[in-house]
Amino acid sequence: MISILAYSVLAIYTIALFYITVYCVMQFNLLYHYKKYQKGGAAPQTAAQEPLTVNQHGELKRARASRYGEDKGETLVLAAAAAEDWPFVTVQLPIYNELYVIERLIDSVAAFDYPKDRFEIHILDDSTDETIEVVRKKVEAVRAKGFNIEQIRREKRQGFKAGALRDGMEYAQGEFIAIFDADFLPRPDFLQQTIPHFQDPEVGVVQTRWEHINQDYSLITRLQALQLNVHFTVEQVGRMSGDYLLQFNGTAGVWRRETIEHAGGWEADTLTEDLDLSIRAQMKGWRIHFLEHIGSPAELPVEMNSLKSQQFRWMKGGAETAKKMLPAVWRSTALTLNQKVHATSHLLASSIFLFVFITGVSSVPLLFLLGDLIELGFSKNFFAYFLVGLLSVIGIYYVANVQAPVHRDSFGKALFKFIFLFPLFLALSMGLSLHNTVAVLQGFRGKKSPFVRTPKFNIKTMRDSFRKHKYLSKKITWTTVMEGLLALYFAGAVVGGFYIQNTTFLVFHFMLALGYGAIFYYTLRHLSIK
């Protein structure tokens with residue numbers, strides 16, 4: 001009986017660990033393509049050696065001089081041309097109760113280095129609080145300066161952000177649609193840096209890299225930046241270089257209007273409408289071009305409950321999109337086998353937390369059954385094969401946070417930060433696994449839930465505070481209670497390992513205890529702020 005139980009627990013643990021390892025190896029393949037791209041072994045998807053200009057017929061053409069320098073021959077800009085010849089752009093700002101940040105976003109967009117009469121600003125305002133009046137006054141002030149700006153409101157907030165974008169298309173006049181969430185501060189040359197890449201008629205989306213204006217605010221923001229840097233270097237560039245499917249990240253990018261319409265438009269049946277439309281557009285033959293060297297500054301969530309709401313939306317939405325789109329991906333005759341495999345890995349990325357959770361929980365009974373398994377002939381060396389997954393992750397995060405050319409820190413400083421932060425990042429990710437597992441399971445089950453926005457508080461420096469702001473969560477959920485209990489569960493496993501003189505899982509259980517404990521502590525601490 002004991003042997004059956006021991007082998008059952010070992011099987012559960014091994015299957016989960018195998019899934020994690022396969023996913024990590026798939027990510028390592030993206031690292032290979034990223035390094036190949038950086039070394040010049042792969043041509044950019046929009047191969048261009050010269051910047052672009054607009055001719056008298058309103059067509060994008062190559063020019064000989066660049067105003068902003070070069071980056072692998074991709075820095076394309078709009079040179080001087082008659083204002084009426086510049087492509088017309090609609091800038092959409094979908095917002096919901098963004099009292100603290102909406103004014104700075106409008107100011108940033110109004111500062112675009114682009115002819116005033118060649119772009120319009122639409123604030124898609126679904127707000128229900130005093131944000132409505134703040135936006136109204138700001139719109140009047142900006143319009144008085146000669147800008148084409150409108151506050152667009154709906155009677156019902158149907159479809160949340162996706163619904164706002166869908167309904168906003170009715171008012172948009174632009175050939176291109178730029179989209180920014182409320183926490184972004186785009187630079188003045190954003191349109192000049194992105195629009196020229198649409199010279200390639202196959203490019204339907206241009207996505208820029210997220211930067212972090214408050215990265216050094218706290219440990220929480222530093223760890224978020226560590227993870228996001230991977231997506232906006234290794235993952236996005238690796239997918240572009242490998243000719244795999246990329247994604248529009250919901251903000252800080254530009255769509256060709258024709259692409260949105262051809263792909264079927266915005267749909268509100270998932271919480272990640274950006275990923276959903278990205279996959280549909282690429283299956284229609286459009287390409288997404290990612291600009292690693294063009295950064296768009298944004299504010300990271302500064303308190304744990306905001307981070308958890310963002311993670312829940314991303315993880316659940318990812319699962320919903322996977323359920324919706326994977327059958328279509330594998331039926332597609334337009335995609336290669338490699339593209340289908342990597343699209344599957346991409347769409348199932350959120351499910352990694354489910355298997356991290358299973359691996360963690362099953363490792364505790366496995367610890368106490370390991371002696372029986374060894375007596376039955378099992379060797380602990382078996383686990384060494386799965387180290388390839390950990391080594392892959394270390395390599396990916398090292399390259400993204402230390403070697404990537406977009407970072408400004410010296411090598412020594414970047415390396416020191418990485419050595420300090422990476423183990424803490426692993427622990428925090430493990431601590432989020434229960435919370436994110438619930439989101440993934442709800443997504444695959446089809447359980448519907450509202451689009452819970454991530455609160456922003458206009459936090460730029462360490463001197464700023466969110467302690468007296470609105471939008472803070474006041475509820476203790478059952479998952480928070482479970483996170484506290486799991487911290488004790490894994491702390492007990494650490495003690496139990498010493499007691500039975502088996503330290504096989506000591507580091508793993510210590511990191512799990514630390515991760516769940518930190519998530520539990522910060523969740524309660526930020527709930528208690530008055």
# chains A, B, ... in the order shown; residues from 1 in each chain; ligands from 1
$ closest_atom_pairs --of "region 189-257 of chain A" --to "region 428-437 of chain A" --cutoff "12 Å" --atoms "only C-alpha atoms" --output "JSON lines"
{"residue": "A:Leu219", "atom": "CA", "partner": "A:Leu428", "partner_atom": "CA", "distance": 10.5}
{"residue": "A:Ile220", "atom": "CA", "partner": "A:Leu428", "partner_atom": "CA", "distance": 9.1}
{"residue": "A:Thr221", "atom": "CA", "partner": "A:Leu428", "partner_atom": "CA", "distance": 11.9}
{"residue": "A:Arg222", "atom": "CA", "partner": "A:Leu428", "partner_atom": "CA", "distance": 11.6}
{"residue": "A:Leu223", "atom": "CA", "partner": "A:Leu428", "partner_atom": "CA", "distance": 8.3}
{"residue": "A:Gln224", "atom": "CA", "partner": "A:Leu428", "partner_atom": "CA", "distance": 9.9}
{"residue": "A:Leu226", "atom": "CA", "partner": "A:Ser429", "partner_atom": "CA", "distance": 11.5}
{"residue": "A:Gln227", "atom": "CA", "partner": "A:Ser429", "partner_atom": "CA", "distance": 9.7}
$ write_last_selection --atoms "N, CA, C and O atoms" --output "short mmCIF file (atom, residue, chain, number, x, y, z; two decimals), in the first residue's frame"
data_model
loop_
_atom_site.label_atom_id
_atom_site.label_comp_id
_atom_site.auth_asym_id
_atom_site.auth_seq_id
_atom_site.Cartn_x
_atom_site.Cartn_y
_atom_site.Cartn_z
N LEU A 219 10.80 46.50 -3.29
CA LEU A 219 11.18 45.15 -3.72
C LEU A 219 10.14 44.59 -4.69
O LEU A 219 10.49 43.91 -5.66
N ILE A 220 8.87 44.88 -4.44
CA ILE A 220 7.81 44.38 -5.30
C ILE A 220 7.97 44.90 -6.73
O ILE A 220 7.84 44.14 -7.70
N THR A 221 8.26 46.19 -6.88
CA THR A 221 8.42 46.75 -8.23
C THR A 221 9.69 46.24 -8.90
O THR A 221 9.71 46.02 -10.11
N ARG A 222 10.75 46.04 -8.13
CA ARG A 222 11.99 45.51 -8.72
C ARG A 222 11.78 44.11 -9.28
O ARG A 222 12.30 43.76 -10.35
N LEU A 223 11.04 43.29 -8.55
CA LEU A 223 10.82 41.92 -9.00
C LEU A 223 9.88 41.88 -10.21
O LEU A 223 10.05 41.04 -11.10
N GLN A 224 8.90 42.78 -10.25
CA GLN A 224 8.05 42.85 -11.45
C GLN A 224 8.87 43.23 -12.68
O GLN A 224 8.70 42.66 -13.75
N LEU A 226 11.98 42.71 -13.20
CA LEU A 226 12.83 41.58 -13.56
C LEU A 226 12.09 40.64 -14.50
O LEU A 226 12.66 40.16 -15.50
N GLN A 227 10.82 40.38 -14.21
CA GLN A 227 10.03 39.46 -15.04
C GLN A 227 9.61 40.11 -16.35
O GLN A 227 9.72 39.50 -17.42
#
$ residues_around --residues "region 177-193 of chain A" --least-positions-apart "6" --cutoff "8 Å" --atoms "only C-alpha atoms" --output "ChimeraX atom specification"
/A:75-78,89-95,98,101-102,104-105,108-109,111-114,250-257,294,296-300,456,458
$ write_last_selection --atoms "N, CA and C atoms" --output "mmCIF file, in the first residue's frame"
data_model
loop_
_atom_site.group_PDB
_atom_site.id
_atom_site.type_symbol
_atom_site.label_atom_id
_atom_site.label_comp_id
_atom_site.auth_asym_id
_atom_site.auth_seq_id
_atom_site.Cartn_x
_atom_site.Cartn_y
_atom_site.Cartn_z
ATOM 1 N N THR A 75 15.866 51.928 -36.779
ATOM 2 C CA THR A 75 15.328 53.174 -36.288
ATOM 3 C C THR A 75 14.778 53.983 -37.450
ATOM 4 N N LEU A 76 13.515 53.830 -37.705
ATOM 5 C CA LEU A 76 12.852 54.508 -38.806
ATOM 6 C C LEU A 76 12.076 55.694 -38.249
ATOM 7 N N VAL A 77 12.168 56.826 -38.902
ATOM 8 C CA VAL A 77 11.432 58.001 -38.445
ATOM 9 C C VAL A 77 10.802 58.699 -39.632
ATOM 10 N N LEU A 78 9.846 59.545 -39.336
ATOM 11 C CA LEU A 78 9.226 60.351 -40.375
ATOM 12 C C LEU A 78 10.038 61.621 -40.553
ATOM 13 N N VAL A 89 -3.671 59.534 -37.462
ATOM 14 C CA VAL A 89 -3.613 58.565 -36.361
ATOM 15 C C VAL A 89 -4.670 58.898 -35.316
ATOM 16 N N THR A 90 -5.370 57.882 -34.848
ATOM 17 C CA THR A 90 -6.259 58.015 -33.692
ATOM 18 C C THR A 90 -5.547 57.445 -32.470
ATOM 19 N N VAL A 91 -5.448 58.241 -31.410
ATOM 20 C CA VAL A 91 -4.850 57.779 -30.161
ATOM 21 C C VAL A 91 -5.978 57.491 -29.188
ATOM 22 N N GLN A 92 -6.162 56.233 -28.847
ATOM 23 C CA GLN A 92 -7.231 55.829 -27.929
ATOM 24 C C GLN A 92 -6.675 55.608 -26.530
ATOM 25 N N LEU A 93 -7.350 56.202 -25.540
ATOM 26 C CA LEU A 93 -6.953 56.061 -24.144
ATOM 27 C C LEU A 93 -8.118 55.458 -23.368
ATOM 28 N N PRO A 94 -8.239 54.127 -23.317
ATOM 29 C CA PRO A 94 -9.337 53.496 -22.568
ATOM 30 C C PRO A 94 -9.078 53.590 -21.068
ATOM 31 N N ILE A 95 -9.992 54.188 -20.319
ATOM 32 C CA ILE A 95 -9.762 54.378 -18.879
ATOM 33 C C ILE A 95 -11.013 54.019 -18.083
ATOM 34 N N GLU A 98 -9.449 56.577 -13.216
ATOM 35 C CA GLU A 98 -7.995 56.805 -13.185
ATOM 36 C C GLU A 98 -7.697 58.221 -12.692
ATOM 37 N N VAL A 101 -3.809 59.535 -12.546
ATOM 38 C CA VAL A 101 -2.833 59.449 -13.639
ATOM 39 C C VAL A 101 -3.338 59.934 -14.996
ATOM 40 N N ILE A 102 -4.630 60.165 -15.137
ATOM 41 C CA ILE A 102 -5.156 60.467 -16.463
ATOM 42 C C ILE A 102 -4.654 61.799 -17.002
ATOM 43 N N ARG A 104 -1.740 63.293 -16.550
ATOM 44 C CA ARG A 104 -0.367 63.198 -17.049
ATOM 45 C C ARG A 104 -0.326 62.430 -18.369
ATOM 46 N N LEU A 105 -1.222 61.439 -18.537
ATOM 47 C CA LEU A 105 -1.269 60.697 -19.797
ATOM 48 C C LEU A 105 -1.716 61.610 -20.941
ATOM 49 N N SER A 108 1.033 63.868 -21.935
ATOM 50 C CA SER A 108 2.082 63.177 -22.695
ATOM 51 C C SER A 108 1.681 63.006 -24.154
ATOM 52 N N VAL A 109 0.437 62.628 -24.386
ATOM 53 C CA VAL A 109 -0.028 62.422 -25.757
ATOM 54 C C VAL A 109 -0.110 63.754 -26.502
ATOM 55 N N ALA A 111 1.787 66.120 -26.190
ATOM 56 C CA ALA A 111 3.153 66.565 -26.468
ATOM 57 C C ALA A 111 3.792 65.813 -27.640
ATOM 58 N N PHE A 112 3.022 64.953 -28.312
ATOM 59 C CA PHE A 112 3.578 64.201 -29.445
ATOM 60 C C PHE A 112 4.149 65.154 -30.508
ATOM 61 N N ASP A 113 5.306 64.778 -30.999
ATOM 62 C CA ASP A 113 5.955 65.531 -32.070
ATOM 63 C C ASP A 113 5.362 65.079 -33.400
ATOM 64 N N TYR A 114 4.134 65.515 -33.635
ATOM 65 C CA TYR A 114 3.353 65.076 -34.791
ATOM 66 C C TYR A 114 2.379 66.207 -35.097
ATOM 67 N N GLY A 250 -1.502 45.222 -25.336
ATOM 68 C CA GLY A 250 -2.633 45.958 -24.804
ATOM 69 C C GLY A 250 -2.430 47.453 -24.713
ATOM 70 N N THR A 251 -1.188 47.901 -24.853
ATOM 71 C CA THR A 251 -0.862 49.313 -24.687
ATOM 72 C C THR A 251 0.515 49.577 -25.268
ATOM 73 N N ALA A 252 0.813 50.849 -25.500
ATOM 74 C CA ALA A 252 2.130 51.253 -26.011
ATOM 75 C C ALA A 252 2.427 50.649 -27.376
ATOM 76 N N GLY A 253 1.397 50.540 -28.194
ATOM 77 C CA GLY A 253 1.562 50.011 -29.541
ATOM 78 C C GLY A 253 0.589 50.663 -30.500
ATOM 79 N N VAL A 254 0.754 50.361 -31.779
ATOM 80 C CA VAL A 254 -0.089 50.945 -32.825
ATOM 81 C C VAL A 254 -0.626 49.834 -33.720
ATOM 82 N N TRP A 255 -1.911 49.903 -34.011
ATOM 83 C CA TRP A 255 -2.551 48.969 -34.928
ATOM 84 C C TRP A 255 -2.845 49.652 -36.252
ATOM 85 N N ARG A 256 -2.729 48.917 -37.310
ATOM 86 C CA ARG A 256 -3.286 49.345 -38.587
ATOM 87 C C ARG A 256 -4.798 49.076 -38.501
ATOM 88 N N ARG A 257 -5.609 50.082 -38.797
ATOM 89 C CA ARG A 257 -7.055 49.918 -38.667
ATOM 90 C C ARG A 257 -7.556 48.739 -39.502
ATOM 91 N N ILE A 294 12.780 50.898 -28.674
ATOM 92 C CA ILE A 294 11.875 52.014 -28.402
ATOM 93 C C ILE A 294 11.111 51.717 -27.120
ATOM 94 N N SER A 296 8.580 52.642 -23.854
ATOM 95 C CA SER A 296 7.413 53.428 -23.446
ATOM 96 C C SER A 296 7.304 53.358 -21.928
ATOM 97 N N PRO A 297 7.617 54.445 -21.228
ATOM 98 C CA PRO A 297 7.614 54.435 -19.761
ATOM 99 C C PRO A 297 6.218 54.197 -19.188
ATOM 100 N N ALA A 298 6.173 53.468 -18.074
ATOM 101 C CA ALA A 298 4.899 53.165 -17.422
ATOM 102 C C ALA A 298 5.126 52.959 -15.938
ATOM 103 N N GLU A 299 4.040 53.007 -15.188
ATOM 104 C CA GLU A 299 4.073 52.822 -13.731
ATOM 105 C C GLU A 299 3.729 51.381 -13.375
ATOM 106 N N LEU A 300 4.579 50.752 -12.591
ATOM 107 C CA LEU A 300 4.326 49.395 -12.102
ATOM 108 C C LEU A 300 3.416 49.441 -10.873
ATOM 109 N N LYS A 456 -3.710 52.653 -10.280
ATOM 110 C CA LYS A 456 -2.462 53.396 -10.434
ATOM 111 C C LYS A 456 -2.538 54.636 -9.550
ATOM 112 N N ASN A 458 0.089 57.255 -9.497
ATOM 113 C CA ASN A 458 1.052 58.295 -9.870
ATOM 114 C C ASN A 458 2.306 58.207 -8.993
#
$ residues_around --residues "Ile288 (chain A)" --least-positions-apart "6" --cutoff "7 Å" --atoms "only C-alpha atoms" --output "JSON, numbers by chain"
{"A": [203, 204, 205, 206, 246]}
$ residues_around --residues "Gly515 (chain A)" --least-positions-apart "4" --cutoff "10 Å" --atoms "only C-alpha atoms" --output "ChimeraX atom specification"
/A:424-433,483,486-487,490,509-511,519-521
$ closest_residue --among "A:Ile358, A:Ile476, A:Ala384, A:Val329" --to "Lys284 (chain A)" --atoms "only C-alpha atoms"
A:Val329
